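Novice: My structure is stored as protein-v7.pdb, with PDB, C-alpha atoms, pLDDT in the B column.
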```
MODEL        1
ATOM      1  CA  MET A1089     -52.822  67.439 -69.029  1.00 77.00           C
ATOM      2  CA  ALA A1090     -51.103  70.830 -68.944  1.00 87.00           C
ATOM      3  CA  PRO A1091     -53.376  73.664 -67.790  1.00 92.00           C
ATOM      4  CA  ARG A1092     -54.321  76.063 -70.575  1.00 95.00           C
ATOM      5  CA  ILE A1093     -53.861  79.745 -69.758  1.00 97.00           C
ATOM      6  CA  LEU A1094     -55.165  82.717 -71.737  1.00 97.00           C
ATOM      7  CA  VAL A1095     -52.867  85.752 -71.514  1.00 97.00           C
ATOM      8  CA  ALA A1096     -54.836  88.872 -72.455  1.00 97.00           C
ATOM      9  CA  ASP A1097     -52.735  92.056 -72.664  1.00 96.00           C
ATOM     10  CA  ASP A1098     -52.371  94.757 -75.308  1.00 94.00           C
ATOM     11  CA  GLU A1099     -48.577  94.976 -74.846  1.00 93.00           C
ATOM     12  CA  PRO A1100     -46.722  92.352 -76.960  1.00 92.00           C
ATOM     13  CA  ASN A1101     -43.635  92.323 -74.722  1.00 91.00           C
ATOM     14  CA  ILE A1102     -45.763  91.711 -71.618  1.00 93.00           C
ATOM     15  CA  ARG A1103     -47.571  88.852 -73.346  1.00 93.00           C
ATOM     16  CA  ASP A1104     -44.228  87.345 -74.397  1.00 93.00           C
ATOM     17  CA  VAL A1105     -42.751  87.543 -70.881  1.00 93.00           C
ATOM     18  CA  ILE A1106     -45.799  85.958 -69.285  1.00 94.00           C
ATOM     19  CA  CYS A1107     -46.140  83.226 -71.894  1.00 94.00           C
ATOM     20  CA  PHE A1108     -42.440  82.375 -71.646  1.00 92.00           C
ATOM     21  CA  ALA A1109     -42.650  82.058 -67.843  1.00 92.00           C
ATOM     22  CA  LEU A1110     -45.846  79.989 -67.914  1.00 93.00           C
ATOM     23  CA  ASP A1111     -44.638  77.754 -70.749  1.00 92.00           C
ATOM     24  CA  ARG A1112     -41.432  77.025 -68.830  1.00 89.00           C
ATOM     25  CA  ALA A1113     -43.595  76.097 -65.838  1.00 90.00           C
ATOM     26  CA  GLY A1114     -45.293  73.393 -67.917  1.00 90.00           C
ATOM     27  CA  MET A1115     -48.438  75.270 -68.880  1.00 93.00           C
ATOM     28  CA  LYS A1116     -49.952  75.840 -72.296  1.00 93.00           C
ATOM     29  CA  THR A1117     -50.610  79.448 -73.253  1.00 95.00           C
ATOM     30  CA  THR A1118     -52.718  81.283 -75.784  1.00 95.00           C
ATOM     31  CA  THR A1119     -52.981  85.062 -76.177  1.00 97.00           C
ATOM     32  CA  ALA A1120     -55.426  87.885 -76.779  1.00 96.00           C
ATOM     33  CA  ARG A1121     -54.534  91.468 -77.706  1.00 95.00           C
ATOM     34  CA  ASN A1122     -57.700  93.136 -76.430  1.00 95.00           C
ATOM     35  CA  GLY A1123     -60.970  92.518 -74.652  1.00 95.00           C
ATOM     36  CA  THR A1124     -62.832  91.389 -77.743  1.00 95.00           C
ATOM     37  CA  GLU A1125     -60.236  88.719 -78.511  1.00 96.00           C
ATOM     38  CA  ALA A1126     -60.288  87.654 -74.845  1.00 96.00           C
ATOM     39  CA  MET A1127     -64.058  87.127 -74.991  1.00 96.00           C
ATOM     40  CA  MET A1128     -63.709  85.168 -78.240  1.00 96.00           C
ATOM     41  CA  ALA A1129     -61.130  82.892 -76.617  1.00 96.00           C
ATOM     42  CA  PHE A1130     -63.360  82.455 -73.564  1.00 96.00           C
ATOM     43  CA  HIS A1131     -66.366  81.456 -75.679  1.00 95.00           C
ATOM     44  CA  LYS A1132     -64.195  79.002 -77.594  1.00 94.00           C
ATOM     45  CA  GLY A1133     -63.682  77.167 -74.299  1.00 92.00           C
ATOM     46  CA  GLY A1134     -60.985  74.859 -72.990  1.00 93.00           C
ATOM     47  CA  LEU A1135     -59.354  77.415 -70.673  1.00 95.00           C
ATOM     48  CA  ASP A1136     -58.270  76.789 -67.088  1.00 95.00           C
ATOM     49  CA  LEU A1137     -57.359  80.379 -66.140  1.00 96.00           C
ATOM     50  CA  ILE A1138     -57.113  83.883 -67.623  1.00 97.00           C
ATOM     51  CA  VAL A1139     -54.313  86.358 -66.943  1.00 97.00           C
ATOM     52  CA  LEU A1140     -56.232  89.540 -67.707  1.00 96.00           C
ATOM     53  CA  ASP A1141     -54.851  93.059 -68.108  1.00 94.00           C
ATOM     54  CA  VAL A1142     -57.114  95.732 -66.677  1.00 91.00           C
ATOM     55  CA  GLY A1143     -56.112  98.558 -69.035  1.00 89.00           C
ATOM     56  CA  MET A1144     -56.762  97.077 -72.479  1.00 90.00           C
ATOM     57  CA  PRO A1145     -58.268  99.063 -75.382  1.00 83.00           C
ATOM     58  CA  ASP A1146     -61.602  98.218 -76.985  1.00 85.00           C
ATOM     59  CA  MET A1147     -62.908  96.553 -73.802  1.00 92.00           C
ATOM     60  CA  ASP A1148     -60.998  96.771 -70.519  1.00 92.00           C
ATOM     61  CA  GLY A1149     -60.253  93.816 -68.284  1.00 93.00           C
ATOM     62  CA  LEU A1150     -62.847  94.742 -65.670  1.00 92.00           C
ATOM     63  CA  GLU A1151     -65.620  94.648 -68.278  1.00 94.00           C
ATOM     64  CA  VAL A1152     -64.290  91.342 -69.632  1.00 95.00           C
ATOM     65  CA  CYS A1153     -64.419  89.937 -66.094  1.00 94.00           C
ATOM     66  CA  ARG A1154     -67.985  91.178 -65.561  1.00 93.00           C
ATOM     67  CA  ARG A1155     -69.130  89.464 -68.753  1.00 95.00           C
ATOM     68  CA  ILE A1156     -67.342  86.214 -67.954  1.00 95.00           C
ATOM     69  CA  ARG A1157     -68.769  86.130 -64.425  1.00 92.00           C
ATOM     70  CA  LYS A1158     -72.290  86.155 -65.828  1.00 89.00           C
ATOM     71  CA  ALA A1159     -71.631  82.699 -67.239  1.00 87.00           C
ATOM     72  CA  SER A1160     -68.572  81.174 -65.563  1.00 90.00           C
ATOM     73  CA  ASN A1161     -66.307  81.038 -62.511  1.00 87.00           C
ATOM     74  CA  LEU A1162     -63.207  80.514 -64.651  1.00 92.00           C
ATOM     75  CA  PRO A1163     -60.259  81.728 -62.496  1.00 93.00           C
ATOM     76  CA  ILE A1164     -59.044  85.238 -63.375  1.00 94.00           C
ATOM     77  CA  LEU A1165     -55.734  86.855 -62.367  1.00 94.00           C
ATOM     78  CA  PHE A1166     -55.770  90.614 -62.990  1.00 93.00           C
ATOM     79  CA  LEU A1167     -52.771  92.603 -64.234  1.00 91.00           C
ATOM     80  CA  SER A1168     -52.586  96.385 -63.979  1.00 85.00           C
ATOM     81  CA  ALA A1169     -50.080  99.210 -64.275  1.00 82.00           C
ATOM     82  CA  ARG A1170     -51.974 100.998 -61.503  1.00 75.00           C
ATOM     83  CA  ASP A1171     -51.234 100.154 -57.893  1.00 66.00           C
ATOM     84  CA  GLU A1172     -54.087 102.081 -56.302  1.00 69.00           C
ATOM     85  CA  GLU A1173     -56.000 100.222 -53.604  1.00 66.00           C
ATOM     86  CA  ILE A1174     -59.368 101.071 -55.156  1.00 65.00           C
ATOM     87  CA  ASP A1175     -58.349  99.420 -58.424  1.00 71.00           C
ATOM     88  CA  ARG A1176     -57.221  96.276 -56.629  1.00 72.00           C
ATOM     89  CA  ILE A1177     -60.386  95.972 -54.546  1.00 73.00           C
ATOM     90  CA  LEU A1178     -62.651  96.717 -57.517  1.00 76.00           C
ATOM     91  CA  GLY A1179     -60.968  93.986 -59.509  1.00 76.00           C
ATOM     92  CA  LEU A1180     -61.538  91.435 -56.749  1.00 79.00           C
ATOM     93  CA  GLU A1181     -65.074  92.533 -55.932  1.00 83.00           C
ATOM     94  CA  ILE A1182     -66.292  91.942 -59.482  1.00 86.00           C
ATOM     95  CA  GLY A1183     -64.970  88.385 -59.384  1.00 86.00           C
ATOM     96  CA  GLY A1184     -61.203  88.359 -59.847  1.00 88.00           C
ATOM     97  CA  ASP A1185     -59.241  85.679 -57.990  1.00 88.00           C
ATOM     98  CA  ASP A1186     -56.013  87.624 -57.559  1.00 87.00           C
ATOM     99  CA  TYR A1187     -54.271  90.831 -58.626  1.00 85.00           C
ATOM    100  CA  VAL A1188     -50.674  91.565 -59.711  1.00 88.00           C
ATOM    101  CA  THR A1189     -49.346  95.030 -60.523  1.00 87.00           C
ATOM    102  CA  LYS A1190     -46.804  95.940 -63.207  1.00 87.00           C
ATOM    103  CA  PRO A1191     -43.856  95.726 -63.147  1.00 87.00           C
ATOM    104  CA  PHE A1192     -44.116  92.211 -61.751  1.00 87.00           C
ATOM    105  CA  SER A1193     -41.839  89.274 -61.100  1.00 88.00           C
ATOM    106  CA  PRO A1194     -42.553  86.455 -63.602  1.00 90.00           C
ATOM    107  CA  ARG A1195     -41.671  83.990 -60.849  1.00 88.00           C
ATOM    108  CA  GLU A1196     -44.275  85.489 -58.517  1.00 89.00           C
ATOM    109  CA  LEU A1197     -46.883  85.515 -61.279  1.00 92.00           C
ATOM    110  CA  VAL A1198     -46.271  81.817 -61.961  1.00 92.00           C
ATOM    111  CA  ALA A1199     -46.559  81.085 -58.226  1.00 90.00           C
ATOM    112  CA  ARG A1200     -49.878  82.904 -58.031  1.00 90.00           C
ATOM    113  CA  VAL A1201     -51.195  81.120 -61.118  1.00 93.00           C
ATOM    114  CA  ARG A1202     -50.207  77.759 -59.621  1.00 90.00           C
ATOM    115  CA  THR A1203     -51.929  78.626 -56.350  1.00 87.00           C
ATOM    116  CA  ILE A1204     -55.169  79.581 -58.104  1.00 89.00           C
ATOM    117  CA  LEU A1205     -55.078  76.442 -60.254  1.00 89.00           C
ATOM    118  CA  LYS A1206     -54.487  74.291 -57.185  1.00 83.00           C
ATOM    119  CA  ARG A1207     -57.375  75.906 -55.367  1.00 78.00           C
ATOM    120  CA  SER A1208     -59.637  75.385 -58.366  1.00 76.00           C
ATOM    121  CA  GLY A1209     -58.845  71.667 -58.260  1.00 69.00           C
ATOM    122  CA  HIS A1210     -56.802  71.473 -61.471  1.00 63.00           C
ATOM    123  CA  GLY A1211     -54.624  68.388 -61.518  1.00 48.00           C
ATOM    124  CA  SER A1212     -55.642  67.199 -58.045  1.00 43.00           C
ATOM    125  CA  GLU A1213     -55.910  63.490 -57.403  1.00 40.00           C
ATOM    126  CA  PRO A1214     -58.702  61.921 -55.332  1.00 37.00           C
ATOM    127  CA  ASP A1215     -57.666  61.216 -51.755  1.00 40.00           C
ATOM    128  CA  ALA A1216     -59.004  61.163 -48.231  1.00 40.00           C
ATOM    129  CA  THR A1217     -59.164  64.971 -48.111  1.00 49.00           C
ATOM    130  CA  ASN A1218     -61.420  65.176 -51.173  1.00 55.00           C
ATOM    131  CA  GLY A1219     -64.686  64.189 -49.474  1.00 72.00           C
ATOM    132  CA  SER A1220     -67.544  66.340 -48.284  1.00 79.00           C
ATOM    133  CA  VAL A1221     -67.503  68.548 -45.219  1.00 80.00           C
ATOM    134  CA  SER A1222     -70.616  70.134 -43.765  1.00 82.00           C
ATOM    135  CA  ALA A1223     -72.083  71.950 -40.793  1.00 81.00           C
ATOM    136  CA  GLY A1224     -75.743  72.784 -40.491  1.00 83.00           C
ATOM    137  CA  SER A1225     -77.093  73.753 -43.895  1.00 86.00           C
ATOM    138  CA  LEU A1226     -73.686  74.458 -45.426  1.00 89.00           C
ATOM    139  CA  ARG A1227     -71.970  71.694 -47.408  1.00 89.00           C
ATOM    140  CA  LEU A1228     -68.694  71.681 -49.349  1.00 90.00           C
ATOM    141  CA  ASN A1229     -67.392  68.908 -51.582  1.00 88.00           C
ATOM    142  CA  ARG A1230     -63.603  69.078 -51.730  1.00 81.00           C
ATOM    143  CA  GLY A1231     -63.303  66.706 -54.661  1.00 78.00           C
ATOM    144  CA  SER A1232     -65.605  68.590 -57.020  1.00 81.00           C
ATOM    145  CA  ARG A1233     -64.898  71.996 -55.415  1.00 82.00           C
ATOM    146  CA  THR A1234     -68.641  72.668 -55.143  1.00 87.00           C
ATOM    147  CA  ALA A1235     -70.677  74.180 -52.327  1.00 90.00           C
ATOM    148  CA  SER A1236     -74.313  74.547 -51.338  1.00 91.00           C
ATOM    149  CA  PHE A1237     -76.450  76.068 -48.602  1.00 90.00           C
ATOM    150  CA  ALA A1238     -79.790  74.447 -47.756  1.00 89.00           C
ATOM    151  CA  ASP A1239     -79.301  72.369 -50.924  1.00 89.00           C
ATOM    152  CA  VAL A1240     -79.040  75.524 -53.081  1.00 91.00           C
ATOM    153  CA  PRO A1241     -75.774  75.575 -55.077  1.00 91.00           C
ATOM    154  CA  LEU A1242     -73.248  78.322 -54.339  1.00 91.00           C
ATOM    155  CA  THR A1243     -71.179  79.636 -57.242  1.00 88.00           C
ATOM    156  CA  LEU A1244     -67.737  80.318 -55.729  1.00 88.00           C
ATOM    157  CA  THR A1245     -64.344  81.240 -57.103  1.00 85.00           C
ATOM    158  CA  ALA A1246     -61.430  79.000 -56.170  1.00 82.00           C
ATOM    159  CA  LEU A1247     -60.191  81.397 -53.475  1.00 83.00           C
ATOM    160  CA  GLU A1248     -63.669  81.926 -52.049  1.00 88.00           C
ATOM    161  CA  PHE A1249     -64.020  78.145 -51.763  1.00 88.00           C
ATOM    162  CA  SER A1250     -60.686  77.873 -49.918  1.00 86.00           C
ATOM    163  CA  ILE A1251     -61.609  80.618 -47.459  1.00 88.00           C
ATOM    164  CA  LEU A1252     -65.032  79.110 -46.774  1.00 90.00           C
ATOM    165  CA  GLU A1253     -63.485  75.645 -46.435  1.00 88.00           C
ATOM    166  CA  THR A1254     -61.084  76.984 -43.797  1.00 87.00           C
ATOM    167  CA  LEU A1255     -63.887  78.642 -41.833  1.00 89.00           C
ATOM    168  CA  LEU A1256     -66.023  75.515 -42.081  1.00 86.00           C
ATOM    169  CA  SER A1257     -63.220  73.323 -40.765  1.00 81.00           C
ATOM    170  CA  ARG A1258     -63.827  74.767 -37.281  1.00 81.00           C
ATOM    171  CA  PRO A1259     -67.197  76.513 -36.935  1.00 77.00           C
ATOM    172  CA  GLU A1260     -67.381  79.166 -34.193  1.00 75.00           C
ATOM    173  CA  ILE A1261     -63.552  79.370 -34.094  1.00 84.00           C
ATOM    174  CA  VAL A1262     -62.142  82.754 -35.107  1.00 89.00           C
ATOM    175  CA  PHE A1263     -59.590  82.751 -37.945  1.00 89.00           C
ATOM    176  CA  SER A1264     -57.260  85.709 -38.338  1.00 88.00           C
ATOM    177  CA  ARG A1265     -56.749  87.399 -41.707  1.00 86.00           C
ATOM    178  CA  ASP A1266     -53.242  85.922 -41.804  1.00 83.00           C
ATOM    179  CA  GLN A1267     -54.614  82.405 -41.373  1.00 83.00           C
ATOM    180  CA  LEU A1268     -57.188  82.930 -44.111  1.00 85.00           C
ATOM    181  CA  MET A1269     -54.584  84.464 -46.431  1.00 81.00           C
ATOM    182  CA  GLU A1270     -52.283  81.481 -45.950  1.00 78.00           C
ATOM    183  CA  ALA A1271     -55.137  79.058 -46.571  1.00 75.00           C
ATOM    184  CA  ALA A1272     -56.166  80.841 -49.758  1.00 74.00           C
ATOM    185  CA  TYR A1273     -52.825  81.911 -51.212  1.00 71.00           C
ATOM    186  CA  GLY A1274     -50.197  79.751 -49.546  1.00 68.00           C
ATOM    187  CA  ALA A1275     -47.443  80.741 -47.134  1.00 57.00           C
ATOM    188  CA  ASP A1276     -45.105  82.109 -49.818  1.00 59.00           C
ATOM    189  CA  ILE A1277     -47.473  84.764 -51.216  1.00 64.00           C
ATOM    190  CA  GLN A1278     -48.302  87.954 -49.334  1.00 63.00           C
ATOM    191  CA  VAL A1279     -51.465  89.961 -50.007  1.00 66.00           C
ATOM    192  CA  ALA A1280     -53.057  92.966 -48.336  1.00 66.00           C
ATOM    193  CA  ASP A1281     -55.610  92.536 -45.561  1.00 66.00           C
ATOM    194  CA  ARG A1282     -58.139  94.370 -47.713  1.00 76.00           C
ATOM    195  CA  THR A1283     -57.857  91.594 -50.292  1.00 79.00           C
ATOM    196  CA  ILE A1284     -59.224  89.050 -47.805  1.00 83.00           C
ATOM    197  CA  ASP A1285     -61.923  91.537 -46.795  1.00 87.00           C
ATOM    198  CA  SER A1286     -63.042  91.718 -50.428  1.00 86.00           C
ATOM    199  CA  HIS A1287     -63.311  87.930 -50.682  1.00 88.00           C
ATOM    200  CA  ILE A1288     -65.260  87.818 -47.409  1.00 91.00           C
ATOM    201  CA  ARG A1289     -67.619  90.521 -48.707  1.00 91.00           C
ATOM    202  CA  ASN A1290     -68.253  88.493 -51.848  1.00 90.00           C
ATOM    203  CA  LEU A1291     -68.843  85.317 -49.827  1.00 92.00           C
ATOM    204  CA  ARG A1292     -71.363  87.081 -47.603  1.00 93.00           C
ATOM    205  CA  ALA A1293     -73.275  88.400 -50.602  1.00 92.00           C
ATOM    206  CA  LYS A1294     -73.431  84.958 -52.226  1.00 92.00           C
ATOM    207  CA  LEU A1295     -74.516  83.262 -48.987  1.00 93.00           C
ATOM    208  CA  SER A1296     -77.151  85.918 -48.303  1.00 92.00           C
ATOM    209  CA  ALA A1297     -78.578  85.411 -51.800  1.00 92.00           C
ATOM    210  CA  VAL A1298     -79.427  81.775 -50.941  1.00 91.00           C
ATOM    211  CA  GLY A1299     -80.725  82.399 -47.423  1.00 89.00           C
ATOM    212  CA  GLY A1300     -77.446  82.277 -45.532  1.00 87.00           C
ATOM    213  CA  LYS A1301     -77.366  85.834 -44.229  1.00 88.00           C
ATOM    214  CA  GLY A1302     -75.202  86.320 -41.144  1.00 88.00           C
ATOM    215  CA  ILE A1303     -73.195  83.108 -41.515  1.00 90.00           C
ATOM    216  CA  ILE A1304     -69.803  84.860 -41.508  1.00 92.00           C
ATOM    217  CA  ALA A1305     -69.238  87.147 -38.541  1.00 91.00           C
ATOM    218  CA  THR A1306     -66.495  89.729 -38.085  1.00 91.00           C
ATOM    219  CA  VAL A1307     -64.708  89.634 -34.739  1.00 90.00           C
ATOM    220  CA  HIS A1308     -63.233  93.109 -34.638  1.00 89.00           C
ATOM    221  CA  GLY A1309     -59.499  93.212 -34.152  1.00 86.00           C
ATOM    222  CA  VAL A1310     -59.232  89.434 -34.556  1.00 87.00           C
ATOM    223  CA  GLY A1311     -60.716  88.047 -37.768  1.00 90.00           C
ATOM    224  CA  PHE A1312     -63.738  86.067 -38.986  1.00 92.00           C
ATOM    225  CA  LYS A1313     -65.767  83.010 -37.985  1.00 90.00           C
ATOM    226  CA  LEU A1314     -68.852  81.025 -38.943  1.00 88.00           C
ATOM    227  CA  THR A1315     -71.876  81.553 -36.690  1.00 84.00           C
ATOM    228  CA  SER A1316     -74.929  79.567 -35.624  1.00 74.00           C
ATOM    229  CA  ALA A1317     -76.751  81.036 -38.655  1.00 66.00           C
ATOM    230  CA  ILE A1318     -75.084  78.170 -40.516  1.00 65.00           C
ATOM    231  CA  GLU A1319     -78.018  76.045 -39.373  1.00 61.00           C
ATOM    232  CA  GLY A1320     -80.221  77.893 -41.837  1.00 52.00           C
ATOM    233  CA  ASN A1321     -82.257  79.876 -39.336  1.00 43.00           C
ATOM    234  CA  ALA A1322     -80.956  83.321 -40.315  1.00 38.00           C
TER     235      ALA A1322
ENDMDL
END
```
If you took the structure in this file and wrote it as structure tokens, what would it be?
Specialist:
Amino acid sequence: MAPRILVADDEPNIRDVICFALDRAGMKTTTARNGTEAMMAFHKGGLDLIVLDVGMPDMDGLEVCRRIRKASNLPILFLSARDEEIDRILGLEIGGDDYVTKPFSPRELVARVRTILKRSGHGSEPDATNGSVSAGSLRLNRGSRTASFADVPLTLTALEFSILETLLSRPEIVFSRDQLMEAAYGADIQVADRTIDSHIRNLRAKLSAVGGKGIIATVHGVGFKLTSAIEGNA
């Protein structure tokens, strides 16, 4: 079944360009002209991902994301005419999966959408890599894309899951930002180091909330690793 994408942007030409590119890539699109319409489409259900403009009237994209994150981890790709680092990090810290600035390449946008969908498990077939992986109190199920710590469920975005899965594949081994970026986004998409830092910050907050404080350690000048706190003694 073709993934269903909501394109929420107040500019008709931007919506048309995005929908044309996604439709050609085999996806099914629906549109919203503002934040209110985006929330209506979200509540209607059946979506696999939202392409969400930050600077919409009525209710901006950041507020739409905040409201959606109270109830769902539906993947969100932000769009913005602003290329300031603070805007990008804010968008990711409130729960966005990725961020593209205008003007953008439709081809790159499609590639990023595909990467997020893949990481969220859309269209994946069961295979030997879809089992569970665990260490100490941390457990990830690749097939269902779910995670838990000490049997308490963790609510992760698709990219957060991919980053944590990479770290869990070799506990106590340090992964560089480049390695984590490739695991989360793929080799063909480049993102800023600060983007990975934002995802790590979110992961730490979610793990701490269920008793997993100190699981992810920063190795200055190198990258990140899982620590012995994974055993649930932090």
Novice: To one decimal place, how far is atom CA of Leu1110 of chain A from atom CA of Val1198 of chain A in Å?
Specialist: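 For atom CA of Leu1110 of chain A relative to atom CA of Val1198 of chain A, the distance reads 6.2 Å.
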Novice: Name the residues that the PyMOL selection byres ((chain A and resi 1099) around 10) picks from the file above, as a list in words, using the file's chain letters and numbers.
Specialist: Ala1096, Asp1097, Asp1098, Pro1100, Asn1101, Ile1102, Arg1103, Asp1104, Arg1121, Asn1122, Asp1141 and Met1144 of chain A
Novice: With distances taken over only C-alpha atoms, which of A:Leu1291, A:Leu1255, A:Ala1169, A:Val1298 is nearest to Thr1315 of chain A?
Specialist: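 Result for the nearest residue to Thr1315 of chain A: A:Leu1255.
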Novice: Which of these residues is nearest to His1287 of chain A, using all atoms listed in the file: A:Gly1309, A:Gly1143, A:Pro1194, A:Gly1179?
Specialist: A:Gly1179
Novice: Taking into account only C-alpha atoms, which residue in the set A:Ser1250, A:Leu1165, A:Ala1238, A:Leu1256 is nearest to Ser1296 of chain A?
Specialist: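 That would be A:Ala1238, the residue with the smallest distance to Ser1296 of chain A.
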Novice: Rounded to one decimal place, report the atom CA of Ser1236 of chain A-atom CA of Ser1222 of chain A distance in Å.
Specialist: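 Those two atoms sit 9.5 Å apart.
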Novice: Using atom CA of Arg1155 of chain A and atom CA of Thr1118 of chain A as the two end points, give the distance in Å to one decimal.
Specialist: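 Atom CA of Arg1155 of chain A sits 19.6 Å away from atom CA of Thr1118 of chain A.
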Novice: Using the chain letters and residue numbers of this document, give as a list of chain:residue names the residues selected by the PyMOL selection byres ((chain A and resi 1257) around 12).
Specialist: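 Selected by the PyMOL selection byres ((chain A and resi 1257) around 12) here: A:Thr1217, A:Ser1220, A:Val1221, A:Ser1222, A:Ala1223, A:Leu1226, A:Arg1227, A:Leu1228, A:Arg1230, A:Ser1250, A:Ile1251, A:Leu1252, A:Glu1253, A:Thr1254, A:Leu1255, A:Leu1256, A:Arg1258, A:Pro1259, A:Glu1260, A:Ile1261, A:Val1262, A:Phe1263, A:Leu1268, A:Ala1271, A:Lys1313, A:Leu1314.
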Novice: Can you give me, as number ranges by chain, the residues this file yields under the PyMOL selection byres ((chain A and resi 1115) around 7)?
Specialist: A: 1090-1092, 1110-1111, 1113-1114, 1116-1117
Novice: Measuring between only C-alpha atoms, which one of A:Leu1295, A:Ala1109, A:Leu1150, A:Ile1156 shows the shortest distance to Phe1130 of chain A?
Specialist: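 The shortest atom-to-atom distance to Phe1130 of chain A comes from A:Ile1156.
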Novice: Can you tell me, as an MDAnalysis selection string, which residues sit within 8 Å of (-65.0, 91.4, -63.7) in the file's frame, using all atoms listed in the file?
Specialist: chainID A and resid 1149:1157 1179:1184
Novice: Quick one: of A:Pro1191, A:Thr1203, A:Asn1229, A:Val1240, who's nearest to Glu1270 of chain A, counting only C-alpha atoms?
Specialist: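 Distance minimum relative to Glu1270 of chain A lands on A:Thr1203.
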Novice: Please determine, counting all atoms listed in the file, which residue among A:Phe1166, A:Met1147, A:Ile1284, A:Gly1224 has the shortest atom-to-atom distance to Arg1200 of chain A.
Specialist: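 Nearest candidate to Arg1200 of chain A out of A:Phe1166, A:Met1147, A:Ile1284, A:Gly1224: A:Phe1166.
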Novice: Got a minute to add N, CA and C atoms to segment 1261-1272 of chain A and dump it as a PDB file, keeping the file's coordinate frame?
Specialist:
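Final output, saved to part.pdb:
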```
ATOM      1  N   ILE A1261     -64.935  78.993 -34.417  1.00 84.00           N
ATOM      2  CA  ILE A1261     -63.552  79.370 -34.094  1.00 84.00           C
ATOM      3  C   ILE A1261     -63.163  80.551 -34.973  1.00 84.00           C
ATOM      4  N   VAL A1262     -62.529  81.551 -34.368  1.00 89.00           N
ATOM      5  CA  VAL A1262     -62.142  82.754 -35.107  1.00 89.00           C
ATOM      6  C   VAL A1262     -60.821  82.518 -35.842  1.00 89.00           C
ATOM      7  N   PHE A1263     -60.809  82.822 -37.131  1.00 89.00           N
ATOM      8  CA  PHE A1263     -59.590  82.751 -37.945  1.00 89.00           C
ATOM      9  C   PHE A1263     -59.114  84.166 -38.241  1.00 89.00           C
ATOM     10  N   SER A1264     -57.823  84.397 -38.037  1.00 88.00           N
ATOM     11  CA  SER A1264     -57.260  85.709 -38.338  1.00 88.00           C
ATOM     12  C   SER A1264     -57.152  85.900 -39.848  1.00 88.00           C
ATOM     13  N   ARG A1265     -56.953  87.133 -40.281  1.00 86.00           N
ATOM     14  CA  ARG A1265     -56.749  87.399 -41.707  1.00 86.00           C
ATOM     15  C   ARG A1265     -55.516  86.670 -42.219  1.00 86.00           C
ATOM     16  N   ASP A1266     -54.462  86.620 -41.394  1.00 83.00           N
ATOM     17  CA  ASP A1266     -53.242  85.922 -41.804  1.00 83.00           C
ATOM     18  C   ASP A1266     -53.516  84.439 -42.058  1.00 83.00           C
ATOM     19  N   GLN A1267     -54.294  83.826 -41.184  1.00 83.00           N
ATOM     20  CA  GLN A1267     -54.614  82.405 -41.373  1.00 83.00           C
ATOM     21  C   GLN A1267     -55.424  82.178 -42.641  1.00 83.00           C
ATOM     22  N   LEU A1268     -56.370  83.067 -42.907  1.00 85.00           N
ATOM     23  CA  LEU A1268     -57.188  82.930 -44.111  1.00 85.00           C
ATOM     24  C   LEU A1268     -56.364  83.210 -45.366  1.00 85.00           C
ATOM     25  N   MET A1269     -55.437  84.173 -45.280  1.00 81.00           N
ATOM     26  CA  MET A1269     -54.584  84.464 -46.431  1.00 81.00           C
ATOM     27  C   MET A1269     -53.691  83.280 -46.758  1.00 81.00           C
ATOM     28  N   GLU A1270     -53.145  82.641 -45.716  1.00 78.00           N
ATOM     29  CA  GLU A1270     -52.283  81.481 -45.950  1.00 78.00           C
ATOM     30  C   GLU A1270     -53.082  80.322 -46.528  1.00 78.00           C
ATOM     31  N   ALA A1271     -54.305  80.136 -46.047  1.00 75.00           N
ATOM     32  CA  ALA A1271     -55.137  79.058 -46.571  1.00 75.00           C
ATOM     33  C   ALA A1271     -55.492  79.286 -48.031  1.00 75.00           C
ATOM     34  N   ALA A1272     -55.735  80.537 -48.401  1.00 74.00           N
ATOM     35  CA  ALA A1272     -56.166  80.841 -49.758  1.00 74.00           C
ATOM     36  C   ALA A1272     -55.008  80.964 -50.737  1.00 74.00           C
TER      37      ALA A1272
END
```
